[in-house]
Structures are given as C-alpha cells and as structure tokens.
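Enquirer: Sharing final-v3.pdb (PDB, C-alpha atoms) below.
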```
ATOM      1  CA  MET N   1      87.189  95.426  91.932
ATOM      2  CA  THR N   2      85.824  98.132  94.218
ATOM      3  CA  PRO N   3      87.853  98.532  97.435
ATOM      4  CA  LYS N   4      86.463  99.252 100.867
ATOM      5  CA  ILE N   5      87.528 102.357 102.794
ATOM      6  CA  ALA N   6      88.507 101.493 106.348
ATOM      7  CA  PRO N   7      91.058 102.352 109.069
ATOM      8  CA  HIS N   8      94.579 100.959 108.844
ATOM      9  CA  ALA N   9      97.889 101.639 110.610
ATOM     10  CA  GLY N  10      96.604 104.715 112.427
ATOM     11  CA  TRP N  11      94.978 106.327 109.389
ATOM     12  CA  ASP N  12      91.217 106.526 108.834
ATOM     13  CA  ARG N  13      90.964 106.558 105.024
ATOM     14  CA  ASN N  14      92.568 103.536 103.401
ATOM     15  CA  LEU N  15      91.621 101.509 100.334
ATOM     16  CA  HIS N  16      91.314  97.795 101.169
ATOM     17  CA  PHE N  17      91.388  95.316  98.282
ATOM     18  CA  ALA N  18      90.914  91.539  98.693
ATOM     19  CA  ASN N  19      90.095  88.969  96.028
ATOM     20  CA  GLY N  20      90.466  85.511  97.572
ATOM     21  CA  HIS N  21      94.161  85.338  96.657
ATOM     22  CA  LEU N  22      95.688  88.520  98.044
ATOM     23  CA  GLU N  23      95.137  91.602 100.176
ATOM     24  CA  LEU N  24      96.343  95.119  99.344
ATOM     25  CA  VAL N  25      95.984  98.361 101.319
ATOM     26  CA  ALA N  26      96.740 101.881 100.053
ATOM     27  CA  THR N  27      96.302 104.901 102.293
ATOM     28  CA  LEU N  28      94.550 108.104 101.233
ATOM     29  CA  ASP N  29      95.537 110.138 104.289
ATOM     30  CA  VAL N  30      99.052 110.708 102.903
ATOM     31  CA  GLY N  31     100.938 109.665  99.837
ATOM     32  CA  PRO N  32      99.797 107.907  97.865
ATOM     33  CA  ARG N  33     101.457 104.876  99.466
ATOM     34  CA  ILE N  34     100.610 101.203  99.091
ATOM     35  CA  LEU N  35     101.225  99.948 102.628
ATOM     36  CA  HIS N  36     100.285  96.288 102.565
ATOM     37  CA  LEU N  37     100.480  93.380 100.140
ATOM     38  CA  SER N  38     100.088  89.779 101.201
ATOM     39  CA  THR N  39      98.573  86.465 100.329
ATOM     40  CA  LEU N  40      95.116  86.196 101.874
ATOM     41  CA  GLY N  41      95.716  86.262 105.631
ATOM     42  CA  GLY N  42      99.476  86.080 105.097
ATOM     43  CA  GLN N  43     102.496  88.184 106.032
ATOM     44  CA  ASN N  44     102.877  91.691 104.617
ATOM     45  CA  VAL N  45     105.777  91.524 102.152
ATOM     46  CA  PHE N  46     106.303  95.294 102.510
ATOM     47  CA  LYS N  47     108.304  96.909 105.291
ATOM     48  CA  THR N  48     106.562  99.695 107.215
ATOM     49  CA  TYR N  49     107.972 101.983 109.896
ATOM     50  CA  PRO N  50     105.603 101.914 112.910
ATOM     51  CA  HIS N  51     106.709 105.273 114.347
ATOM     52  CA  GLU N  52     105.760 107.006 111.059
ATOM     53  CA  LEU N  53     102.398 105.340 110.520
ATOM     54  CA  GLY N  54      99.315 107.404 111.223
ATOM     55  CA  GLY N  55     101.198 110.688 110.888
ATOM     56  CA  ARG N  56     100.562 113.511 108.457
ATOM     57  CA  GLY N  57     101.580 117.101 107.803
ATOM     58  CA  GLU N  58     105.246 116.573 108.692
ATOM     59  CA  THR N  59     107.712 119.170 107.414
ATOM     60  CA  GLU N  60     110.197 116.465 106.339
ATOM     61  CA  TRP N  61     109.883 113.611 103.866
ATOM     62  CA  MET N  62     108.907 110.358 105.608
ATOM     63  CA  ILE N  63     109.841 106.938 104.255
ATOM     64  CA  ARG N  64     106.879 105.209 105.999
ATOM     65  CA  GLY N  65     107.564 102.069 103.918
ATOM     66  CA  GLY N  66     105.405 100.212 101.439
ATOM     67  CA  HIS N  67     105.412 101.207  97.762
ATOM     68  CA  ARG N  68     105.978 104.804  96.662
ATOM     69  CA  PHE N  69     106.203 106.834  93.440
ATOM     70  CA  TRP N  70     109.333 108.952  93.040
ATOM     71  CA  ILE N  71     111.018 111.071  90.382
ATOM     72  CA  ALA N  72     114.559 110.244  89.169
ATOM     73  CA  PRO N  73     117.444 111.016  88.977
ATOM     74  CA  GLU N  74     117.694 111.287  92.753
ATOM     75  CA  ASP N  75     117.668 114.892  93.887
ATOM     76  CA  LEU N  76     117.193 116.252  97.391
ATOM     77  CA  GLU N  77     114.575 118.757  96.234
ATOM     78  CA  ARG N  78     112.582 117.090  93.470
ATOM     79  CA  THR N  79     112.799 113.458  94.560
ATOM     80  CA  TYR N  80     112.127 113.972  98.264
ATOM     81  CA  HIS N  81     108.763 115.646  97.724
ATOM     82  CA  ARG N  82     106.939 115.676 101.071
ATOM     83  CA  ASP N  83     103.887 113.543 100.286
ATOM     84  CA  ASN N  84     102.505 114.002 103.806
ATOM     85  CA  HIS N  85      99.029 115.269 102.907
ATOM     86  CA  PRO N  86      95.688 113.627 102.062
ATOM     87  CA  VAL N  87      94.954 112.539  98.489
ATOM     88  CA  GLU N  88      91.733 111.795  96.644
ATOM     89  CA  HIS N  89      90.751 108.804  94.559
ATOM     90  CA  THR N  90      88.353 107.852  91.792
ATOM     91  CA  GLN N  91      87.537 104.585  90.047
ATOM     92  CA  ASN N  92      87.341 104.165  86.299
ATOM     93  CA  PRO N  93      83.981 102.456  85.684
ATOM     94  CA  ALA N  94      85.137 100.980  82.383
ATOM     95  CA  THR N  95      88.388  99.361  83.600
ATOM     96  CA  GLY N  96      87.881  99.131  87.362
ATOM     97  CA  GLU N  97      91.219 100.854  87.939
ATOM     98  CA  VAL N  98      91.365 102.895  91.142
ATOM     99  CA  VAL N  99      93.174 106.182  90.507
ATOM    100  CA  ILE N 100      94.951 108.235  93.185
ATOM    101  CA  GLU N 101      96.304 111.678  92.289
ATOM    102  CA  SER N 102      98.736 113.981  94.031
ATOM    103  CA  THR N 103     100.612 117.103  93.003
ATOM    104  CA  GLN N 104     104.203 117.905  93.838
ATOM    105  CA  GLU N 105     105.595 121.404  93.665
ATOM    106  CA  ALA N 106     109.279 120.751  94.376
ATOM    107  CA  GLY N 107     111.546 120.959  91.338
ATOM    108  CA  GLY N 108     108.675 121.803  88.987
ATOM    109  CA  ARG N 109     104.955 121.137  89.254
ATOM    110  CA  ILE N 110     104.147 117.500  88.471
ATOM    111  CA  LEU N 111     100.767 115.774  88.698
ATOM    112  CA  LYS N 112     101.357 112.181  89.789
ATOM    113  CA  THR N 113      98.770 109.477  89.186
ATOM    114  CA  LEU N 114      98.969 106.057  90.812
ATOM    115  CA  GLY N 115      96.565 103.600  89.223
ATOM    116  CA  ILE N 116      95.823 100.303  91.021
ATOM    117  CA  SER N 117      94.084  97.399  89.306
ATOM    118  CA  VAL N 118      93.568  94.185  91.288
ATOM    119  CA  ALA N 119      92.559  91.126  89.266
ATOM    120  CA  PRO N 120      89.156  89.819  90.393
ATOM    121  CA  ASP N 121      90.147  86.144  90.516
ATOM    122  CA  ALA N 122      93.948  85.872  90.374
ATOM    123  CA  PRO N 123      96.952  86.849  92.558
ATOM    124  CA  ARG N 124      97.845  89.796  90.313
ATOM    125  CA  VAL N 125      98.013  93.573  90.605
ATOM    126  CA  THR N 126      98.829  96.211  87.992
ATOM    127  CA  VAL N 127     100.322  99.453  89.292
ATOM    128  CA  ARG N 128     100.395 102.376  86.847
ATOM    129  CA  HIS N 129     102.648 105.373  87.521
ATOM    130  CA  THR N 130     101.868 108.426  85.377
ATOM    131  CA  ALA N 131     103.372 111.907  85.672
ATOM    132  CA  ARG N 132     102.122 115.008  83.839
ATOM    133  CA  ASN N 133     104.063 118.220  83.558
ATOM    134  CA  ILE N 134     101.738 120.913  84.901
ATOM    135  CA  ASP N 135     104.534 123.476  85.107
ATOM    136  CA  SER N 136     105.008 126.376  82.708
ATOM    137  CA  ALA N 137     108.387 125.091  81.434
ATOM    138  CA  PRO N 138     109.673 121.746  80.075
ATOM    139  CA  LEU N 139     110.784 119.229  82.698
ATOM    140  CA  GLU N 140     113.174 116.278  82.304
ATOM    141  CA  PHE N 141     112.831 113.281  84.595
ATOM    142  CA  SER N 142     112.282 109.544  84.874
ATOM    143  CA  LEU N 143     109.498 107.739  86.702
ATOM    144  CA  TRP N 144     110.753 105.707  89.642
ATOM    145  CA  ALA N 145     108.713 102.980  91.375
ATOM    146  CA  LEU N 146     110.084 101.763  94.716
ATOM    147  CA  SER N 147     108.842  98.838  96.796
ATOM    148  CA  VAL N 148     110.263  98.644 100.327
ATOM    149  CA  MET N 149     110.434  94.957 101.234
ATOM    150  CA  ALA N 150     110.165  93.529 104.737
ATOM    151  CA  PRO N 151     113.405  92.358 106.371
ATOM    152  CA  GLY N 152     114.696  88.797 106.328
ATOM    153  CA  GLY N 153     113.981  87.909 102.699
ATOM    154  CA  ILE N 154     116.013  87.053  99.619
ATOM    155  CA  GLU N 155     115.799  88.972  96.336
ATOM    156  CA  ILE N 156     116.185  86.933  93.142
ATOM    157  CA  ILE N 157     117.515  88.739  90.062
ATOM    158  CA  PRO N 158     117.441  86.552  86.911
ATOM    159  CA  GLN N 159     120.196  86.861  84.333
ATOM    160  CA  PRO N 160     119.983  86.341  80.562
ATOM    161  CA  PRO N 161     121.242  83.032  79.173
ATOM    162  CA  LEU N 162     124.995  82.777  78.729
ATOM    163  CA  GLY N 163     126.356  83.184  75.238
ATOM    164  CA  GLU N 164     129.434  81.667  73.601
ATOM    165  CA  HIS N 165     132.756  83.037  72.469
ATOM    166  CA  PRO N 166     133.604  83.865  69.707
ATOM    167  CA  ARG N 167     130.021  83.844  68.429
ATOM    168  CA  ASP N 168     128.758  86.469  70.900
ATOM    169  CA  LEU N 169     131.141  89.408  70.769
ATOM    170  CA  LEU N 170     128.965  92.241  72.104
ATOM    171  CA  PRO N 171     127.803  92.828  75.696
ATOM    172  CA  ASN N 172     124.240  91.949  76.668
ATOM    173  CA  ARG N 173     124.033  93.478  80.171
ATOM    174  CA  SER N 174     125.509  96.230  82.297
ATOM    175  CA  MET N 175     125.867  96.832  86.025
ATOM    176  CA  ILE N 176     126.122 100.182  87.806
ATOM    177  CA  LEU N 177     127.676 100.292  91.282
ATOM    178  CA  TRP N 178     127.200 102.948  93.962
ATOM    179  CA  PRO N 179     130.262 104.194  95.878
ATOM    180  CA  TYR N 180     129.323 102.303  99.043
ATOM    181  CA  THR N 181     128.702  98.935  97.320
ATOM    182  CA  ASP N 182     131.085  96.069  98.120
ATOM    183  CA  LEU N 183     130.416  92.955  96.022
ATOM    184  CA  SER N 184     132.363  90.812  98.508
ATOM    185  CA  ASP N 185     129.515  91.595 100.947
ATOM    186  CA  PRO N 186     128.107  88.214 102.134
ATOM    187  CA  ARG N 187     124.553  89.294 101.263
ATOM    188  CA  TRP N 188     125.387  89.061  97.559
ATOM    189  CA  ARG N 189     125.616  85.829  95.557
ATOM    190  CA  ILE N 190     126.636  86.345  91.945
ATOM    191  CA  GLY N 191     125.554  83.211  90.105
ATOM    192  CA  ARG N 192     125.412  82.173  86.474
ATOM    193  CA  ASP N 193     121.628  82.273  86.123
ATOM    194  CA  PHE N 194     120.667  84.385  89.142
ATOM    195  CA  PHE N 195     122.062  87.088  91.353
ATOM    196  CA  THR N 196     120.612  86.985  94.859
ATOM    197  CA  LEU N 197     120.664  89.637  97.559
ATOM    198  CA  SER N 198     119.728  88.760 101.136
ATOM    199  CA  GLN N 199     118.387  91.334 103.557
ATOM    200  CA  ARG N 200     120.221  91.106 106.897
ATOM    201  CA  SER N 201     120.404  93.288 109.964
ATOM    202  CA  GLY N 202     123.638  94.817 111.203
ATOM    203  CA  LEU N 203     125.185  95.411 107.772
ATOM    204  CA  PRO N 204     125.779  98.688 105.882
ATOM    205  CA  PRO N 205     123.941  99.901 102.745
ATOM    206  CA  SER N 206     124.552  98.295  99.358
ATOM    207  CA  LYS N 207     123.104  99.195  95.951
ATOM    208  CA  ILE N 208     123.447  98.161  92.325
ATOM    209  CA  GLY N 209     121.636  99.091  89.117
ATOM    210  CA  LEU N 210     121.146  97.067  85.939
ATOM    211  CA  ALA N 211     119.927  97.423  82.413
ATOM    212  CA  HIS N 212     117.526  94.591  83.186
ATOM    213  CA  ARG N 213     115.999  92.946  80.130
ATOM    214  CA  THR N 214     114.799  89.770  81.857
ATOM    215  CA  ARG N 215     111.628  91.596  82.981
ATOM    216  CA  TRP N 216     111.069  90.047  86.413
ATOM    217  CA  ILE N 217     112.418  90.295  89.962
ATOM    218  CA  ALA N 218     111.289  88.152  92.917
ATOM    219  CA  TYR N 219     111.528  88.410  96.700
ATOM    220  CA  ALA N 220     111.125  85.339  98.896
ATOM    221  CA  LEU N 221     109.988  86.151 102.438
ATOM    222  CA  GLY N 222     108.954  83.329 104.758
ATOM    223  CA  HIS N 223     106.017  81.583 103.118
ATOM    224  CA  SER N 224     105.459  84.229 100.423
ATOM    225  CA  LEU N 225     106.978  84.987  97.035
ATOM    226  CA  PHE N 226     106.541  88.494  95.625
ATOM    227  CA  VAL N 227     107.101  88.860  91.855
ATOM    228  CA  LYS N 228     107.401  92.188  90.035
ATOM    229  CA  THR N 229     107.658  92.636  86.258
ATOM    230  CA  PHE N 230     108.497  95.730  84.198
ATOM    231  CA  GLU N 231     109.892  96.485  80.760
ATOM    232  CA  TYR N 232     113.238  97.532  79.321
ATOM    233  CA  LEU N 233     112.709  99.627  76.189
ATOM    234  CA  GLU N 234     115.546  99.237  73.710
ATOM    235  CA  GLY N 235     116.906 102.489  72.333
ATOM    236  CA  GLU N 236     115.664 104.597  75.257
ATOM    237  CA  ILE N 237     117.945 106.491  77.637
ATOM    238  CA  TYR N 238     117.631 105.511  81.299
ATOM    239  CA  PRO N 239     118.907 107.406  84.353
ATOM    240  CA  ASP N 240     121.923 106.551  86.520
ATOM    241  CA  GLY N 241     124.055 105.318  83.648
ATOM    242  CA  GLY N 242     121.358 103.260  81.962
ATOM    243  CA  CYS N 243     119.379 101.615  84.805
ATOM    244  CA  ASN N 244     115.772 100.456  84.492
ATOM    245  CA  PHE N 245     116.251  98.439  87.699
ATOM    246  CA  GLU N 246     117.964  99.300  90.964
ATOM    247  CA  THR N 247     118.067  97.542  94.303
ATOM    248  CA  PHE N 248     119.129  98.918  97.670
ATOM    249  CA  THR N 249     119.430  97.275 101.055
ATOM    250  CA  ASN N 250     120.415  98.345 104.541
ATOM    251  CA  ALA N 251     119.981  96.963 108.046
ATOM    252  CA  ASP N 252     116.193  97.557 108.014
ATOM    253  CA  MET N 253     114.855  96.633 104.595
ATOM    254  CA  LEU N 254     115.453  95.963 100.894
ATOM    255  CA  GLU N 255     114.101  98.044  98.001
ATOM    256  CA  ILE N 256     113.092  96.701  94.587
ATOM    257  CA  GLU N 257     113.096  99.702  92.250
ATOM    258  CA  SER N 258     112.127  99.986  88.592
ATOM    259  CA  LEU N 259     112.599 103.074  86.433
ATOM    260  CA  GLY N 260     111.183 104.400  83.196
ATOM    261  CA  PRO N 261     113.207 106.128  80.478
ATOM    262  CA  LEU N 262     114.340 109.723  80.862
ATOM    263  CA  LYS N 263     111.786 112.023  79.221
ATOM    264  CA  THR N 264     111.617 115.741  78.548
ATOM    265  CA  LEU N 265     107.968 116.711  78.877
ATOM    266  CA  ALA N 266     106.566 119.958  77.556
ATOM    267  CA  PRO N 267     103.835 121.589  79.650
ATOM    268  CA  GLY N 268     100.761 119.366  79.486
ATOM    269  CA  GLU N 269     102.638 116.233  78.370
ATOM    270  CA  GLU N 270     102.759 113.038  80.429
ATOM    271  CA  CYS N 271     104.545 109.683  80.586
ATOM    272  CA  THR N 272     103.673 106.324  82.165
ATOM    273  CA  HIS N 273     105.568 103.467  83.766
ATOM    274  CA  ILE N 274     103.778 100.199  84.632
ATOM    275  CA  GLU N 275     104.615  97.404  87.041
ATOM    276  CA  HIS N 276     102.782  94.079  87.401
ATOM    277  CA  TRP N 277     102.841  92.293  90.760
ATOM    278  CA  SER N 278     101.961  88.882  92.062
ATOM    279  CA  VAL N 279     102.209  87.422  95.570
ATOM    280  CA  LEU N 280     102.082  83.660  95.994
ATOM    281  CA  PRO N 281     102.372  81.058  98.762
ATOM    282  CA  LEU N 282     105.888  79.623  99.032
ATOM    283  CA  ASP N 283     106.447  76.298 100.788
ATOM    284  CA  THR N 284     110.173  75.894 100.032
ATOM    285  CA  ASP N 285     113.179  77.431 101.784
ATOM    286  CA  ILE N 286     115.332  78.813  98.981
ATOM    287  CA  SER N 287     118.106  80.308 101.136
ATOM    288  CA  ALA N 288     120.697  77.659 100.204
ATOM    289  CA  ASN N 289     119.443  76.869  96.706
ATOM    290  CA  THR N 290     121.790  76.502  93.759
ATOM    291  CA  ASP N 291     120.895  78.170  90.465
ATOM    292  CA  ALA N 292     119.434  74.888  89.212
ATOM    293  CA  ASP N 293     117.322  74.469  92.376
ATOM    294  CA  LEU N 294     116.100  78.060  92.131
ATOM    295  CA  ALA N 295     115.063  77.603  88.517
ATOM    296  CA  LYS N 296     113.178  74.406  89.374
ATOM    297  CA  THR N 297     111.400  75.977  92.356
ATOM    298  CA  LEU N 298     110.507  79.234  90.631
ATOM    299  CA  ALA N 299     109.282  77.899  87.273
ATOM    300  CA  PRO N 300     105.820  76.725  88.432
ATOM    301  CA  LEU N 301     105.366  79.784  90.646
ATOM    302  CA  LEU N 302     106.180  82.186  87.825
ATOM    303  CA  GLU N 303     103.770  80.314  85.595
ATOM    304  CA  ARG N 304     101.067  80.521  88.251
ATOM    305  CA  SER N 305     101.653  84.249  88.674
ATOM    306  CA  GLY N 306     100.481  84.795  85.112
ATOM    307  CA  LEU N 307     103.017  87.608  84.674
ATOM    308  CA  LEU N 308     105.379  85.868  82.233
TER     309      LEU N 308
END
```
Written as structure tokens, that's how I'd like the structure from this file.
Expert:
Amino acid sequence: MTPKIAPHAGWDRNLHFANGHLELVATLDVGPRILHLSTLGGQNVFKTYPHELGGRGETEWMIRGGHRFWIAPEDLERTYHRDNHPVEHTQNPATGEVVIESTQEAGGRILKTLGISVAPDAPRVTVRHTARNIDSAPLEFSLWALSVMAPGGIEIIPQPPLGEHPRDLLPNRSMILWPYTDLSDPRWRIGRDFFTLSQRSGLPPSKIGLAHRTRWIAYALGHSLFVKTFEYLEGEIYPDGGCNFETFTNADMLEIESLGPLKTLAPGEECTHIEHWSVLPLDTDISANTDADLAKTLAPLLERSGLL
C-alpha cells in the first residue's frame, strides 16, 4: 500500500495509510513517530500531546505521544535521543513496506529503521524496528517499541494456563516491579487468566515487566480494541531482569512496551524486533468482565485480527 503525504497535527509531511479497515498516520517532520491508529473513521487509540504537536528542533526530548522506537535499558543519554528533526522515507517495491530511517548519536551512533506494512484488505499492520551499529566500537542494547495509549482504556494481559502441583514444579512466568509500583492500586486486577490495568486520571505512575510468552496484549478503548503481538525468544537474555514486555501508566496515558533481546553488535551489525498490530470495532463494555467473560468476548476478535 502506498501512503499519501499530507498535513497532520501541525506538521506538513505525514504518511497517511487507509485500507477500508483502519487509518494510520506517521509523521516525517520529526521522529519517526506513528501518531494515529484507528478503525476507519474511529477514535485514535494513541495518546498525543497537543502542545508538542507541530514542533521541531527542540533541544529536549519530547514525548509527543503515539508509537516510538527507543533503545533499552533506559538511560538518560542513549534512550532519550532527541528525535526532533525531519526524517526521510522510501518504499520497498517488492514488499510494499514503507521504510523510515533516522540516526541517533547519543550513546553511540545507531541507524534506526522503522518499517511500516499495512495489509491491503485486513485490519493489520506490521511494524519493524531495526537498529544498525554505525559506530566504530561494539554497542550493547535492546530494541524497545513503545505505544502510548489514549486515556480511559483497559489493558488486557493474558496469562499462560495454570498448571498442577506436584506435576508442574518449575516456574513458567516472572514479574518485575518498579520501585513506585503498588499492586494494591485499584487500577490493577490480578486474575487467573488475565491481568488488567485500567488507565485513570489522578493516580500516580505504576509499572511492571514480564517475561511474556503468551504473545499478545490488548487495549480496549471505547468502541475500539487494539491488539499487539510480539515474540519471546527462549534462551535469550532480555533487559530489566528478563522483560520482553513492560507496561507503564500515569494520570495521562498508558504505555504498551515490547522489547527485543539484549545484543552486542559489532560495527556494521544490526538486529530487528517486530510487532504486529490490529485495531477492531468493539461493541461490548469489558470494564466489569470476569476472566470467563473476557475470554468469550476476546476470542472472536482475536481470530478476526488474524494475528494469532
């Protein structure tokens, strides 16, 4: 699919994709950032910060919102690269993937590539994050993909099936907690089959990380369901104590974050981390659903997404 270039959110150069099922907008005037994702004519599932839209050339890192491409573990120099300048794009004629490249200098020179592929006739998007070491020395890092979700929704985090004692003696999941995380926080519901995290105003930050093998995360917002899938690679070392998934919320938004394994790249080497997205109409309020109700509601939607 070939996108149109048109104004959006105060910027002149933005890639507009639409396929009859969804709309996606990525700006070229800074970033790269994917600013908008919705069902056709529907609500943007991504949070954006109006006072930062349309700006460029700032001397500080700007969150802006939407989906961004970071480097982990979190570091004030390397991670908070100021992506406040224009970027260029090309389209692969063989695959149709639109490729946006940017270079960061902080903490070692890294060429970042964000590849966007929108299915021609389905509510699906593939987002490829590739980083190449263009420095003169080896660099160690993990690829970090962060989607900033609009306020007022509910994140759904599936859990693996329960085992039995004494048959199942070894652990099958791990959770990492940040120092400011309180699991008695009313936004959290720790269920048997699902954890859920609600985004609410007026409450402090909360964050957890998981070794997430169940592959998918969902976010229900009004009449839309956003689904993201990504892999957990057994035997690899992940940052932050073993996390390939992290989620953060504060009074403004909620972030759904996936991470690739830690890699040490020699000059010229690169690594890739891929997410698959879908956004679907949702006609059911899931805010008070039990685990059984959630499973029943989500099953046909996940099947329709084509991601699982």
Enquirer: When the PyMOL selection byres ((chain N and resi 205-217) around 8) is applied to the structure above, which residues does it catch, written out as an MDAnalysis selection string?
Expert: chainID N and resid 155:160 173:178 180:182 203:204 218:219 227:232 240 242:251 256
Enquirer: Measuring between all atoms listed in the file, which one of N:Tyr80, N:Phe194, N:Phe46, N:Phe69 shows the shortest distance to Val148 (chain N)?
Expert: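 Using all atoms listed in the file, Val148 (chain N) sits closest to N:Phe46.
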Enquirer: How many Å lie between CA of Arg128 (chain N) and CA of Ile5 (chain N), rounded to one decimal?
Expert: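 These two atoms are separated by 20.5 Å.
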Enquirer: Can you spell out as an MDAnalysis selection string the set of residues that the PyMOL selection byres ((chain N and resi 9) around 9) selects in the structure I just provided?
Expert: chainID N and resid 7:8 10:12 35 50 53:54
Enquirer: Counting all atoms listed in the file, figure out which residue out of N:Leu254, N:Leu111, N:Leu170, N:Ala106 gets nearest to Gly153 (chain N).
Expert: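 Ranking N:Leu254, N:Leu111, N:Leu170, N:Ala106 by distance to Gly153 (chain N), first place goes to N:Leu254.
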Enquirer: Need the shell around His129 (chain N): protein/DNA/RNA residues with any atom at most 8 Å away, counting all atoms listed in the file. Skip same-chain ones fewer than 3 positions apart. Format as JSON, numbers by chain?
Expert: {"N": [69, 112, 113, 114, 115, 143, 145, 272, 273, 274]}
Enquirer: Name the closest residue to Gly42 (chain N) among the candidates N:Ile116, N:Leu221, N:Val127, N:Leu298; distances are taken between atoms, counting all atoms listed in the file.
Expert: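 Of the candidates, the smallest distance to Gly42 (chain N) is held by N:Leu221.
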Enquirer: At a cut-off of 8 Å, using only C-alpha atoms, what residues contact His81 (chain N)? Leave out same-chain residues fewer than 5 positions from it and give the result as an MDAnalysis selection string.
Expert: chainID N and resid 61 104:106
Enquirer: Residues near Val98 (chain N), anyone? I mean within 7 Å using all atoms listed in the file, not counting same-chain ones fewer than 6 positions away, as a list in words.
Expert: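 My reading of the contact set: His89, Thr90, Gln91, Asn92, Gly115, Ile116 and Ser117 of chain N.
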Enquirer: From the set N:Glu270, N:Asp168, N:Glu88, N:Asp29, which residue has the shortest atom-to-atom contact distance to Pro138 (chain N), counting all atoms listed in the file?
Expert: N:Glu270
Enquirer: Pick the closest to Pro3 (chain N) from N:Ala18, N:Val30, N:Leu139, N:Ile154: which is it, counting all atoms listed in the file?
Expert: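 For Pro3 (chain N), the nearest of the candidates is N:Ala18.
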Enquirer: Return the single residue from N:Ile100, N:Leu282, N:Ile134, N:Ala292 that is closest to Phe226 (chain N), with distances computed using all atoms listed in the file.
Expert: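 Of N:Ile100, N:Leu282, N:Ile134, N:Ala292, the one nearest Phe226 (chain N), counting all atoms listed in the file, is N:Leu282.
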Enquirer: So which residues are close to (105.0, 122.5, 86.8), meaning at most 6 Å away in the file's coordinates with only C-alpha atoms counted, and can you show them as a list in words?
Expert: Gly108, Arg109, Ile110, Asn133, Ile134, Asp135 and Ser136 of chain N
Enquirer: Kindly add N, CA and C atoms to the incomplete region 109-120 of chain N and provide the output as a PDB file, in the frame of the given file.
Expert:
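Contents of the output file result_30.pdb:
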```
ATOM      1  N   ARG N 109     106.270 121.666  88.885  1.00  0.00           N
ATOM      2  CA  ARG N 109     104.955 121.137  89.254  1.00  0.00           C
ATOM      3  C   ARG N 109     104.645 119.897  88.415  1.00  0.00           C
ATOM      4  N   ILE N 110     104.400 118.789  89.111  1.00  0.00           N
ATOM      5  CA  ILE N 110     104.147 117.500  88.471  1.00  0.00           C
ATOM      6  C   ILE N 110     102.896 116.899  89.084  1.00  0.00           C
ATOM      7  N   LEU N 111     101.947 116.502  88.243  1.00  0.00           N
ATOM      8  CA  LEU N 111     100.767 115.774  88.698  1.00  0.00           C
ATOM      9  C   LEU N 111     101.075 114.283  88.597  1.00  0.00           C
ATOM     10  N   LYS N 112     101.087 113.616  89.737  1.00  0.00           N
ATOM     11  CA  LYS N 112     101.357 112.181  89.789  1.00  0.00           C
ATOM     12  C   LYS N 112     100.041 111.416  89.901  1.00  0.00           C
ATOM     13  N   THR N 113      99.928 110.356  89.115  1.00  0.00           N
ATOM     14  CA  THR N 113      98.770 109.477  89.186  1.00  0.00           C
ATOM     15  C   THR N 113      99.248 108.067  89.464  1.00  0.00           C
ATOM     16  N   LEU N 114      98.712 107.464  90.508  1.00  0.00           N
ATOM     17  CA  LEU N 114      98.969 106.057  90.812  1.00  0.00           C
ATOM     18  C   LEU N 114      97.689 105.290  90.553  1.00  0.00           C
ATOM     19  N   GLY N 115      97.725 104.416  89.567  1.00  0.00           N
ATOM     20  CA  GLY N 115      96.565 103.600  89.223  1.00  0.00           C
ATOM     21  C   GLY N 115      96.752 102.181  89.739  1.00  0.00           C
ATOM     22  N   ILE N 116      95.752 101.641  90.429  1.00  0.00           N
ATOM     23  CA  ILE N 116      95.823 100.303  91.021  1.00  0.00           C
ATOM     24  C   ILE N 116      94.694  99.459  90.448  1.00  0.00           C
ATOM     25  N   SER N 117      95.071  98.347  89.839  1.00  0.00           N
ATOM     26  CA  SER N 117      94.084  97.399  89.306  1.00  0.00           C
ATOM     27  C   SER N 117      94.363  96.025  89.902  1.00  0.00           C
ATOM     28  N   VAL N 118      93.436  95.505  90.677  1.00  0.00           N
ATOM     29  CA  VAL N 118      93.568  94.185  91.288  1.00  0.00           C
ATOM     30  C   VAL N 118      92.707  93.210  90.500  1.00  0.00           C
ATOM     31  N   ALA N 119      93.307  92.126  90.029  1.00  0.00           N
ATOM     32  CA  ALA N 119      92.559  91.126  89.266  1.00  0.00           C
ATOM     33  C   ALA N 119      91.448  90.545  90.138  1.00  0.00           C
ATOM     34  N   PRO N 120      90.263  90.306  89.565  1.00  0.00           N
ATOM     35  CA  PRO N 120      89.156  89.819  90.393  1.00  0.00           C
ATOM     36  C   PRO N 120      89.333  88.401  90.898  1.00  0.00           C
TER      37      PRO N 120
END
```
